[in-house]
file start_27.cif (mmCIF, C-alpha atoms and all ligand atoms)
data_data
#
loop_
_atom_site.group_PDB
_atom_site.id
_atom_site.type_symbol
_atom_site.label_atom_id
_atom_site.label_comp_id
_atom_site.auth_asym_id
_atom_site.auth_seq_id
_atom_site.Cartn_x
_atom_site.Cartn_y
_atom_site.Cartn_z
ATOM 1 C CA MET A 113 79.835 98.892 124.801
ATOM 2 C CA ASN A 114 78.927 95.921 122.639
ATOM 3 C CA ALA A 115 78.719 92.484 124.141
ATOM 4 C CA PRO A 116 81.863 90.448 123.423
ATOM 5 C CA ASN A 117 81.667 88.662 120.096
ATOM 6 C CA ALA A 118 78.463 90.454 119.115
ATOM 7 C CA PRO A 119 78.485 91.867 115.581
ATOM 8 C CA SER A 120 79.323 95.473 116.268
ATOM 9 C CA ILE A 121 80.129 97.207 113.056
ATOM 10 C CA ALA A 122 79.064 96.968 109.476
ATOM 11 C CA VAL A 123 79.567 99.666 106.874
ATOM 12 C CA ALA A 124 77.111 100.541 104.094
ATOM 13 C CA GLY A 125 77.870 98.434 101.038
ATOM 14 C CA THR A 126 80.080 96.091 103.038
ATOM 15 C CA SER A 127 77.487 94.823 105.481
ATOM 16 C CA ASP A 128 78.446 91.251 104.644
ATOM 17 C CA TYR A 129 81.257 91.555 107.218
ATOM 18 C CA ALA A 130 80.908 92.117 110.938
ATOM 19 C CA LEU A 131 83.706 93.056 113.312
ATOM 20 C CA THR A 132 83.125 91.955 116.886
ATOM 21 C CA ASP A 133 84.651 93.566 119.962
ATOM 22 C CA ALA A 134 86.820 90.518 120.554
ATOM 23 C CA GLN A 135 88.129 90.577 116.966
ATOM 24 C CA PHE A 136 88.738 94.334 117.043
ATOM 25 C CA ASN A 137 90.607 94.059 120.343
ATOM 26 C CA ARG A 138 92.762 91.201 119.086
ATOM 27 C CA ILE A 139 93.584 93.188 115.948
ATOM 28 C CA ARG A 140 94.509 96.159 118.140
ATOM 29 C CA GLU A 141 96.863 93.969 120.168
ATOM 30 C CA LEU A 142 98.514 92.617 117.030
ATOM 31 C CA VAL A 143 98.909 96.097 115.540
ATOM 32 C CA ARG A 144 100.540 97.319 118.705
ATOM 33 C CA GLU A 145 102.823 94.346 118.951
ATOM 34 C CA HIS A 146 104.011 94.606 115.358
ATOM 35 C CA THR A 147 104.015 98.356 114.661
ATOM 36 C CA GLY A 148 103.931 100.140 118.017
ATOM 37 C CA ILE A 149 100.757 101.900 116.874
ATOM 38 C CA ALA A 150 98.279 102.226 119.744
ATOM 39 C CA LEU A 151 94.779 102.238 118.241
ATOM 40 C CA SER A 152 92.017 103.711 120.367
ATOM 41 C CA GLU A 153 88.418 102.524 120.365
ATOM 42 C CA ALA A 154 87.691 105.494 118.093
ATOM 43 C CA LYS A 155 89.757 103.890 115.314
ATOM 44 C CA ARG A 156 87.301 101.062 114.868
ATOM 45 C CA GLN A 157 85.824 102.400 111.647
ATOM 46 C CA LEU A 158 89.291 103.065 110.245
ATOM 47 C CA VAL A 159 90.462 99.534 111.044
ATOM 48 C CA TYR A 160 87.319 98.114 109.508
ATOM 49 C CA GLY A 161 87.693 100.124 106.300
ATOM 50 C CA ARG A 162 91.377 99.283 105.879
ATOM 51 C CA LEU A 163 91.121 95.571 106.596
ATOM 52 C CA VAL A 164 87.884 94.800 104.801
ATOM 53 C CA ARG A 165 89.869 95.208 101.571
ATOM 54 C CA ARG A 166 92.284 92.539 102.731
ATOM 55 C CA LEU A 167 89.389 90.207 103.504
ATOM 56 C CA ARG A 168 88.088 90.676 99.978
ATOM 57 C CA ALA A 169 91.504 90.275 98.383
ATOM 58 C CA LEU A 170 92.005 87.043 100.312
ATOM 59 C CA LYS A 171 88.414 85.937 99.607
ATOM 60 C CA LEU A 172 87.748 85.459 103.295
ATOM 61 C CA GLU A 173 84.213 85.356 104.609
ATOM 62 C CA SER A 174 84.634 86.980 108.003
ATOM 63 C CA PHE A 175 86.926 88.943 110.287
ATOM 64 C CA GLY A 176 87.062 85.784 112.356
ATOM 65 C CA GLU A 177 88.820 84.047 109.471
ATOM 66 C CA TYR A 178 91.193 86.981 109.073
ATOM 67 C CA VAL A 179 92.126 87.015 112.757
ATOM 68 C CA ALA A 180 92.647 83.237 112.597
ATOM 69 C CA LEU A 181 94.952 83.755 109.609
ATOM 70 C CA LEU A 182 96.958 86.391 111.520
ATOM 71 C CA GLU A 183 97.271 84.056 114.507
ATOM 72 C CA ARG A 184 98.275 81.133 112.330
ATOM 73 C CA ASP A 185 100.543 82.711 109.774
ATOM 74 C CA MET A 186 101.508 86.233 110.732
ATOM 75 C CA GLU A 187 104.744 85.986 108.848
ATOM 76 C CA SER A 188 103.077 85.749 105.446
ATOM 77 C CA GLU A 189 100.419 88.385 106.143
ATOM 78 C CA LEU A 190 102.478 90.822 108.217
ATOM 79 C CA GLU A 191 103.494 93.120 105.382
ATOM 80 C CA GLU A 192 99.977 93.545 103.971
ATOM 81 C CA PHE A 193 98.509 93.820 107.460
ATOM 82 C CA THR A 194 100.863 96.595 108.567
ATOM 83 C CA ASN A 195 100.694 98.360 105.179
ATOM 84 C CA ALA A 196 96.900 98.427 105.527
ATOM 85 C CA ILE A 197 96.987 99.877 109.032
ATOM 86 C CA THR A 198 99.547 102.664 108.663
ATOM 87 C CA THR A 199 98.451 106.218 107.921
ATOM 88 C CA ASN A 200 100.766 107.718 105.335
ATOM 89 C CA LEU A 201 99.642 111.333 105.070
ATOM 90 C CA THR A 202 102.516 113.545 103.985
ATOM 91 C CA SER A 203 103.401 116.333 101.562
ATOM 92 C CA PHE A 204 106.392 118.153 100.138
ATOM 93 C CA PHE A 205 107.718 120.768 102.585
ATOM 94 C CA ARG A 206 105.134 119.853 105.211
ATOM 95 C CA GLU A 207 105.756 122.027 108.280
ATOM 96 C CA PRO A 208 108.039 124.271 106.219
ATOM 97 C CA HIS A 209 109.808 125.914 109.169
ATOM 98 C CA HIS A 210 111.873 122.730 109.627
ATOM 99 C CA PHE A 211 113.281 122.958 106.108
ATOM 100 C CA GLU A 212 113.969 126.665 106.568
ATOM 101 C CA TYR A 213 115.810 125.927 109.816
ATOM 102 C CA LEU A 214 117.797 123.164 108.159
ATOM 103 C CA ALA A 215 118.893 125.601 105.437
ATOM 104 C CA SER A 216 119.466 128.687 107.572
ATOM 105 C CA ASP A 217 120.940 127.158 110.751
ATOM 106 C CA VAL A 218 121.748 123.470 110.794
ATOM 107 C CA LEU A 219 123.737 123.139 107.574
ATOM 108 C CA PRO A 220 125.671 126.443 107.961
ATOM 109 C CA ARG A 221 126.580 125.409 111.522
ATOM 110 C CA ILE A 222 127.880 122.043 110.342
ATOM 111 C CA ALA A 223 129.894 123.740 107.596
ATOM 112 C CA ALA A 224 131.283 126.350 110.001
ATOM 113 C CA ALA A 225 132.293 123.722 112.565
ATOM 114 C CA ASP A 226 134.221 121.845 109.868
ATOM 115 C CA THR A 227 135.436 118.968 112.006
ATOM 116 C CA GLY A 228 137.535 117.672 109.158
ATOM 117 C CA ALA A 229 135.316 114.624 108.702
ATOM 118 C CA ARG A 230 133.254 116.410 106.042
ATOM 119 C CA ARG A 231 130.445 113.901 106.332
ATOM 120 C CA ILE A 232 126.800 114.645 106.858
ATOM 121 C CA ARG A 233 124.391 111.873 107.739
ATOM 122 C CA LEU A 234 120.653 112.396 107.932
ATOM 123 C CA TRP A 235 117.881 109.945 108.731
ATOM 124 C CA CYS A 236 114.240 110.385 107.827
ATOM 125 C CA CYS A 237 112.692 107.541 109.814
ATOM 126 C CA ALA A 238 109.022 107.683 108.725
ATOM 127 C CA ALA A 239 109.508 108.690 105.125
ATOM 128 C CA SER A 240 106.126 107.524 103.820
ATOM 129 C CA THR A 241 105.816 108.127 100.041
ATOM 130 C CA GLY A 242 109.044 110.127 99.870
ATOM 131 C CA GLU A 243 107.918 113.755 99.857
ATOM 132 C CA GLU A 244 109.728 114.431 103.133
ATOM 133 C CA PRO A 245 113.147 112.996 102.163
ATOM 134 C CA TYR A 246 112.978 114.676 98.732
ATOM 135 C CA SER A 247 112.216 118.007 100.436
ATOM 136 C CA ILE A 248 115.305 117.489 102.610
ATOM 137 C CA ALA A 249 117.332 116.562 99.521
ATOM 138 C CA ILE A 250 116.212 119.770 97.779
ATOM 139 C CA VAL A 251 117.529 121.821 100.709
ATOM 140 C CA LEU A 252 120.783 119.866 100.632
ATOM 141 C CA ARG A 253 121.223 120.538 96.919
ATOM 142 C CA GLU A 254 120.415 124.201 97.391
ATOM 143 C CA SER A 255 123.168 124.335 100.029
ATOM 144 C CA GLN A 256 125.598 122.725 97.639
ATOM 145 C CA GLN A 257 128.078 125.596 97.599
ATOM 146 C CA LEU A 258 128.234 125.709 101.374
ATOM 147 C CA LEU A 259 128.671 121.948 101.545
ATOM 148 C CA HIS A 260 131.129 121.629 98.692
ATOM 149 C CA GLY A 261 133.305 118.560 99.177
ATOM 150 C CA TYR A 262 131.043 117.013 101.819
ATOM 151 C CA ASP A 263 130.005 113.389 101.675
ATOM 152 C CA ILE A 264 126.248 113.592 102.265
ATOM 153 C CA LYS A 265 123.884 110.664 102.735
ATOM 154 C CA LEU A 266 120.208 110.651 103.587
ATOM 155 C CA LEU A 267 118.625 107.424 104.799
ATOM 156 C CA ALA A 268 114.853 107.274 104.259
ATOM 157 C CA THR A 269 113.025 104.461 106.025
ATOM 158 C CA ASP A 270 109.477 103.401 106.733
ATOM 159 C CA LEU A 271 107.658 100.332 107.933
ATOM 160 C CA ASP A 272 105.280 100.332 104.973
ATOM 161 C CA SER A 273 106.817 98.709 101.906
ATOM 162 C CA ALA A 274 104.153 100.053 99.527
ATOM 163 C CA VAL A 275 104.808 103.713 100.343
ATOM 164 C CA LEU A 276 108.551 103.146 100.166
ATOM 165 C CA ALA A 277 108.147 101.838 96.623
ATOM 166 C CA THR A 278 106.481 105.122 95.647
ATOM 167 C CA GLY A 279 109.292 107.024 97.350
ATOM 168 C CA SER A 280 112.032 105.205 95.557
ATOM 169 C CA SER A 281 110.259 105.526 92.198
ATOM 170 C CA GLY A 282 110.277 109.300 92.724
ATOM 171 C CA VAL A 283 107.265 109.820 90.445
ATOM 172 C CA TYR A 284 104.455 112.107 91.609
ATOM 173 C CA ASP A 285 101.178 113.455 90.263
ATOM 174 C CA ALA A 286 101.298 117.152 89.406
ATOM 175 C CA GLU A 287 98.796 117.725 92.196
ATOM 176 C CA ARG A 288 101.293 116.532 94.823
ATOM 177 C CA LEU A 289 103.682 119.326 93.800
ATOM 178 C CA LYS A 290 101.411 122.185 94.750
ATOM 179 C CA THR A 291 103.448 122.860 97.907
ATOM 180 C CA VAL A 292 106.675 123.111 95.893
ATOM 181 C CA SER A 293 107.613 126.490 94.385
ATOM 182 C CA GLY A 294 107.637 126.813 90.590
ATOM 183 C CA ALA A 295 111.376 127.463 90.636
ATOM 184 C CA ARG A 296 112.022 124.267 92.593
ATOM 185 C CA VAL A 297 109.745 122.221 90.350
ATOM 186 C CA ALA A 298 111.618 123.526 87.310
ATOM 187 C CA LYS A 299 114.984 122.756 88.866
ATOM 188 C CA PHE A 300 114.424 119.426 90.598
ATOM 189 C CA PHE A 301 111.605 117.672 88.696
ATOM 190 C CA GLN A 302 111.200 116.454 85.184
ATOM 191 C CA LYS A 303 107.792 116.533 83.545
ATOM 192 C CA GLY A 304 106.680 113.201 82.197
ATOM 193 C CA SER A 305 105.530 112.456 78.690
ATOM 194 C CA GLY A 306 103.322 109.808 77.107
ATOM 195 C CA ALA A 307 101.615 107.781 79.835
ATOM 196 C CA LEU A 308 103.308 109.979 82.457
ATOM 197 C CA ILE A 309 102.074 113.266 80.974
ATOM 198 C CA ASP A 310 100.512 114.511 84.237
ATOM 199 C CA ARG A 311 103.319 113.243 86.373
ATOM 200 C CA PHE A 312 106.714 114.480 87.476
ATOM 201 C CA ARG A 313 109.854 112.575 88.239
ATOM 202 C CA VAL A 314 112.452 113.854 90.692
ATOM 203 C CA GLN A 315 115.839 114.550 89.151
ATOM 204 C CA ASP A 316 118.585 112.010 89.666
ATOM 205 C CA GLU A 317 120.682 114.546 91.582
ATOM 206 C CA LEU A 318 118.111 114.295 94.420
ATOM 207 C CA ARG A 319 117.632 110.555 94.155
ATOM 208 C CA LYS A 320 121.375 109.984 94.387
ATOM 209 C CA LEU A 321 121.434 111.473 97.885
ATOM 210 C CA ILE A 322 118.804 109.111 99.276
ATOM 211 C CA THR A 323 118.726 105.431 100.184
ATOM 212 C CA PHE A 324 115.227 104.046 100.748
ATOM 213 C CA LYS A 325 114.972 101.062 103.106
ATOM 214 C CA GLN A 326 112.261 99.293 105.011
ATOM 215 C CA LEU A 327 112.720 99.654 108.763
ATOM 216 C CA ASN A 328 110.290 99.012 111.585
ATOM 217 C CA LEU A 329 110.991 101.411 114.449
ATOM 218 C CA MET A 330 109.827 98.681 116.847
ATOM 219 C CA HIS A 331 112.542 96.288 115.722
ATOM 220 C CA ASP A 332 116.334 96.441 115.468
ATOM 221 C CA TRP A 333 117.660 99.370 113.489
ATOM 222 C CA PRO A 334 120.330 98.215 111.057
ATOM 223 C CA VAL A 335 121.645 101.762 110.737
ATOM 224 C CA ARG A 336 124.996 103.269 111.429
ATOM 225 C CA GLY A 337 125.057 106.583 113.256
ATOM 226 C CA PRO A 338 125.860 109.114 114.309
ATOM 227 C CA PHE A 339 123.228 111.214 112.572
ATOM 228 C CA ASP A 340 123.705 114.962 112.350
ATOM 229 C CA VAL A 341 119.995 115.284 111.730
ATOM 230 C CA ILE A 342 116.995 113.013 112.290
ATOM 231 C CA PHE A 343 113.520 113.735 110.972
ATOM 232 C CA CYS A 344 111.066 111.725 113.076
ATOM 233 C CA ARG A 345 107.867 113.526 112.227
ATOM 234 C CA ASN A 346 104.250 112.538 112.624
ATOM 235 C CA VAL A 347 104.905 108.944 113.549
ATOM 236 C CA VAL A 348 105.353 108.784 117.324
ATOM 237 C CA ILE A 349 101.954 110.412 117.692
ATOM 238 C CA TYR A 350 100.613 106.909 117.032
ATOM 239 C CA PHE A 351 102.717 105.345 119.818
ATOM 240 C CA ASP A 352 102.082 105.368 123.554
ATOM 241 C CA LYS A 353 104.480 107.210 125.898
ATOM 242 C CA GLU A 354 106.318 104.077 126.998
ATOM 243 C CA THR A 355 107.051 103.157 123.397
ATOM 244 C CA GLN A 356 108.143 106.745 122.704
ATOM 245 C CA ARG A 357 110.533 106.697 125.692
ATOM 246 C CA ALA A 358 112.213 103.522 124.491
ATOM 247 C CA LEU A 359 112.405 104.841 120.934
ATOM 248 C CA PHE A 360 114.002 108.185 121.804
ATOM 249 C CA ALA A 361 116.481 106.532 124.159
ATOM 250 C CA ARG A 362 117.681 104.526 121.160
ATOM 251 C CA MET A 363 117.645 107.572 118.916
ATOM 252 C CA ALA A 364 119.659 109.608 121.414
ATOM 253 C CA ALA A 365 122.329 106.906 121.299
ATOM 254 C CA LEU A 366 122.695 107.590 117.560
ATOM 255 C CA GLN A 367 123.256 111.324 117.967
ATOM 256 C CA ARG A 368 126.082 113.411 119.446
ATOM 257 C CA PRO A 369 125.645 116.553 121.501
ATOM 258 C CA GLY A 370 124.592 119.308 119.095
ATOM 259 C CA ASP A 371 122.857 116.996 116.616
ATOM 260 C CA ILE A 372 119.312 117.883 115.626
ATOM 261 C CA LEU A 373 115.987 116.044 115.880
ATOM 262 C CA PHE A 374 112.808 117.271 114.196
ATOM 263 C CA LEU A 375 109.422 116.050 115.462
ATOM 264 C CA GLY A 376 105.941 116.514 114.004
ATOM 265 C CA HIS A 377 103.708 119.459 114.858
ATOM 266 C CA SER A 378 101.796 117.721 117.653
ATOM 267 C CA GLU A 379 104.682 115.684 119.051
ATOM 268 C CA SER A 380 106.902 116.499 122.007
ATOM 269 C CA LEU A 381 109.672 115.039 124.159
ATOM 270 C CA TYR A 382 108.117 116.422 127.320
ATOM 271 C CA ARG A 383 108.340 113.610 129.913
ATOM 272 C CA VAL A 384 109.653 111.363 127.165
ATOM 273 C CA SER A 385 113.373 112.140 126.895
ATOM 274 C CA ASP A 386 115.764 114.442 128.768
ATOM 275 C CA LYS A 387 118.532 113.837 126.261
ATOM 276 C CA TYR A 388 117.342 116.675 124.050
ATOM 277 C CA ASP A 389 116.732 120.401 124.550
ATOM 278 C CA LEU A 390 113.875 122.145 122.801
ATOM 279 C CA ILE A 391 115.412 124.896 120.673
ATOM 280 C CA GLY A 392 112.544 125.843 118.332
ATOM 281 C CA LYS A 393 109.076 124.816 117.297
ATOM 282 C CA THR A 394 109.304 120.993 117.517
ATOM 283 C CA ILE A 395 113.072 121.268 116.949
ATOM 284 C CA TYR A 396 115.331 119.502 119.450
ATOM 285 C CA ARG A 397 119.090 119.455 119.984
ATOM 286 C CA ARG A 398 120.887 116.509 121.562
ATOM 287 C CA ASN A 399 122.404 117.656 124.835
ATOM 288 C CA ALA A 400 125.469 116.309 126.610
ATOM 289 C CA SER A 401 123.594 114.100 129.111
HETATM 290 C C1 LIG B 501 101.636 110.203 108.918
HETATM 291 S S1 LIG B 501 103.010 109.515 108.097
HETATM 292 C C2 LIG B 501 104.205 110.781 108.333
HETATM 293 C C3 LIG B 501 105.079 110.949 107.129
HETATM 294 C C4 LIG B 501 106.142 112.049 107.228
HETATM 295 N N1 LIG B 501 107.089 111.773 108.293
HETATM 296 C C5 LIG B 501 105.524 113.398 107.437
HETATM 297 O O1 LIG B 501 105.589 113.947 108.534
HETATM 298 O O2 LIG B 501 104.948 113.935 106.485
HETATM 299 C C6 LIG B 501 103.529 108.253 109.275
HETATM 300 C C7 LIG B 501 104.449 107.215 108.679
HETATM 301 O O3 LIG B 501 104.971 106.430 109.756
HETATM 302 C C8 LIG B 501 105.094 105.099 109.307
HETATM 303 N N2 LIG B 501 105.153 104.189 110.466
HETATM 304 C C9 LIG B 501 104.169 103.846 111.337
HETATM 305 N N3 LIG B 501 104.602 102.969 112.246
HETATM 306 C C10 LIG B 501 105.911 102.747 111.968
HETATM 307 C C11 LIG B 501 106.922 101.944 112.550
HETATM 308 N N4 LIG B 501 106.668 101.154 113.603
HETATM 309 N N5 LIG B 501 108.156 101.964 111.999
HETATM 310 C C12 LIG B 501 108.437 102.750 110.923
HETATM 311 N N6 LIG B 501 107.514 103.528 110.330
HETATM 312 C C13 LIG B 501 106.270 103.536 110.841
HETATM 313 C C14 LIG B 501 103.870 104.883 108.442
HETATM 314 O O4 LIG B 501 104.014 103.808 107.557
HETATM 315 C C15 LIG B 501 103.745 106.247 107.750
HETATM 316 O O5 LIG B 501 104.335 106.238 106.482
#
call {"tool": "encode", "arguments": {"input": "start_27.cif", "output": "structure tokens", "more": "lines below"}}
Ligand SMILES: C[S@@+](CC[C@H](N)C(=O)[O-])C[C@H]1O[C@@H](n2cnc3c(N)ncnc32)[C@H](O)[C@@H]1O
result
Amino acid sequence: MNAPNAPSIAVAGTSDYALTDAQFNRIRELVREHTGIALSEAKRQLVYGRLVRRLRALKLESFGEYVALLERDMESELEEFTNAITTNLTSFFREPHHFEYLASDVLPRIAAADTGARRIRLWCCAASTGEEPYSIAIVLRESQQLLHGYDIKLLATDLDSAVLATGSSGVYDAERLKTVSGARVAKFFQKGSGALIDRFRVQDELRKLITFKQLNLMHDWPVRGPFDVIFCRNVVIYFDKETQRALFARMAALQRPGDILFLGHSESLYRVSDKYDLIGKTIYRRNAS
């Protein structure tokens, strides 16, 4: 353990900045307060690497100055601060069994139940750069015949405004499409030309299904349920159990018995919520409790 306030980390090439224990701990508190993300001691290097760029951009001379800025004027720095801290790893059709289940079970069941409302509402609550909501939208379009006449809306939200901008632009490097089949690329993406020669743009028929909005899961949710399906994948892993309990209690209030919740591969509702039953690999169904 380093002594409080002692310079404790400096990275090659950036050794002009030091991050003391006290500064790191204060940053951890602020991250938790504003994003719900619980950073362990092991994330010190990550925090350093992400924030040192902000120090440079702001022409600050030390982490002390940056912490002082956060304390003084969080409102103006909040967006950049949280954007810098979030981890946005994602890909098209990540954890593919969820998309298969959506196509083979969830959507046919909704169509078969035909409550007369003919509305389907889905929420992807940690949408990152958009690959996840576009994968959902592809499945929805492929189920078009089954869902003929349905009013379908997919809400895609994230805390990080920068990744949301990528999502709503719908433009991806060819390399990002390697987990999408050739047939799907041909059907749902348009190859760019000129400056966009190595890039692909998602077709408008997918974009039309999705609304991208900034939403912090720690704050109020200006959303209108109920949601037939919620994708909440690979985000609560960053939150502690107490935060997860509060979050899923709110989520359960937005779903009716039978509605579906998908979590990420290392996430679980065990000892977190009894409002859902586990019905498949990280697939949950809202129960009647
Ligand atoms: C690792 S990515 C997961 C992306 C996608 N769900 C997937 O599974 O591929 C986690 C996302 O959660 C977002 N996030 C983190 N804390 C959040 C919060 N408090 N509210 C909303 N989104 C948050 C991050 O910005 C990031 O885009």
call {"tool": "resolve_selection", "arguments": {"input": "start_27.cif", "expression": "the PyMOL selection byres (((chain A and resi 313) around 7) and not hetatm)", "output": "list in words"}}
result
Gly282, Val283, Tyr284, Phe301, Gln302, Lys303, Gly304, Arg311, Phe312, Val314 and Gln315 of chain A
call {"tool": "residues_near_ligand", "arguments": {"input": "start_27.cif", "ligand": "ligand LIG 501 (chain B)", "cutoff": "9 Å", "atoms": "all atoms listed in the file", "output": "VMD selection string"}}
result
chain A and resid 144 146 to 149 194 to 195 197 to 207 236 to 245 269 to 276 326 to 331 343 to 351 375 to 377
call {"tool": "atom_distance", "arguments": {"input": "start_27.cif", "atom1": "CA of Leu163 (chain A)", "atom2": "CA of Phe193 (chain A)"}}
result
7.6 Å
call {"tool": "atom_distance", "arguments": {"input": "start_27.cif", "atom1": "CA of Ile250 (chain A)", "atom2": "CA of Asp310 (chain A)"}}
result
21.4 Å
call {"tool": "residues_around", "arguments": {"input": "start_27.cif", "residues": "Phe211 (chain A)", "least_positions_apart": "6", "cutoff": "8 Å", "atoms": "only C-alpha atoms", "output": "list of chain:residue names"}}
result
A:Phe205, A:Ser247, A:Ile248, A:Val251
call {"tool": "residues_around", "arguments": {"input": "start_27.cif", "residues": "Leu182 (chain A)", "least_positions_apart": "4", "cutoff": "12 Å", "atoms": "only C-alpha atoms", "output": "list in words"}}
result
Gln135, Arg138, Ile139, Glu141, Leu142, Val143, His146, Leu163, Arg166, Leu167, Phe175, Gly176, Glu177, Tyr178, Met186, Glu187, Ser188, Glu189, Leu190, Glu191, Glu192, Phe193 and Thr194 of chain A
call {"tool": "axis_aligned_box", "arguments": {"input": "start_27.cif", "around": "region 326-340 of chain A", "padding_each_side": "6 Å", "output": "lines of an AutoDock Vina configuration file"}}
result
center_x = 117.8
center_y = 105.6
center_z = 110.9
size_x = 28.0
size_y = 30.7
size_z = 23.8
call {"tool": "closest_residue", "arguments": {"input": "start_27.cif", "among": "A:Tyr262, A:Arg319, A:Ser293, A:Gly306", "to": "Thr227 (chain A)", "atoms": "all atoms listed in the file"}}
result
A:Tyr262
call {"tool": "residues_near_point", "arguments": {"input": "start_27.cif", "point": "(105.4, 107.7, 126.4)", "cutoff": "10 Å", "atoms": "only C-alpha atoms", "output": "CSV table (one decimal) with C-alpha atoms, in the coordinates of the input"}}
result
chain,number,residue,atom,x,y,z
A,348,VAL,CA,105.4,108.8,117.3
A,349,ILE,CA,102.0,110.4,117.7
A,351,PHE,CA,102.7,105.3,119.8
A,352,ASP,CA,102.1,105.4,123.6
A,353,LYS,CA,104.5,107.2,125.9
A,354,GLU,CA,106.3,104.1,127.0
A,355,THR,CA,107.1,103.2,123.4
A,356,GLN,CA,108.1,106.7,122.7
A,357,ARG,CA,110.5,106.7,125.7
A,358,ALA,CA,112.2,103.5,124.5
A,359,LEU,CA,112.4,104.8,120.9
A,360,PHE,CA,114.0,108.2,121.8
A,380,SER,CA,106.9,116.5,122.0
A,381,LEU,CA,109.7,115.0,124.2
A,382,TYR,CA,108.1,116.4,127.3
A,383,ARG,CA,108.3,113.6,129.9
A,384,VAL,CA,109.7,111.4,127.2
A,385,SER,CA,113.4,112.1,126.9
call {"tool": "atom_distance", "arguments": {"input": "start_27.cif", "atom1": "CA of Ser216 (chain A)", "atom2": "CA of Lys299 (chain A)"}}
result
20.1 Å
call {"tool": "closest_residue", "arguments": {"input": "start_27.cif", "among": "A:Arg296, A:His260, A:His210, A:Arg336", "to": "Ile391 (chain A)", "atoms": "all atoms listed in the file"}}
result
A:His210
call {"tool": "closest_residue", "arguments": {"input": "start_27.cif", "among": "A:Leu373, A:Val164, A:Val292, A:Met363", "to": "Pro208 (chain A)", "atoms": "only C-alpha atoms"}}
result
A:Val292
call {"tool": "closest_residue", "arguments": {"input": "start_27.cif", "among": "A:Leu259, A:Leu318, A:Leu267, A:Ala361", "to": "Pro334 (chain A)", "atoms": "all atoms listed in the file"}}
result
A:Leu267
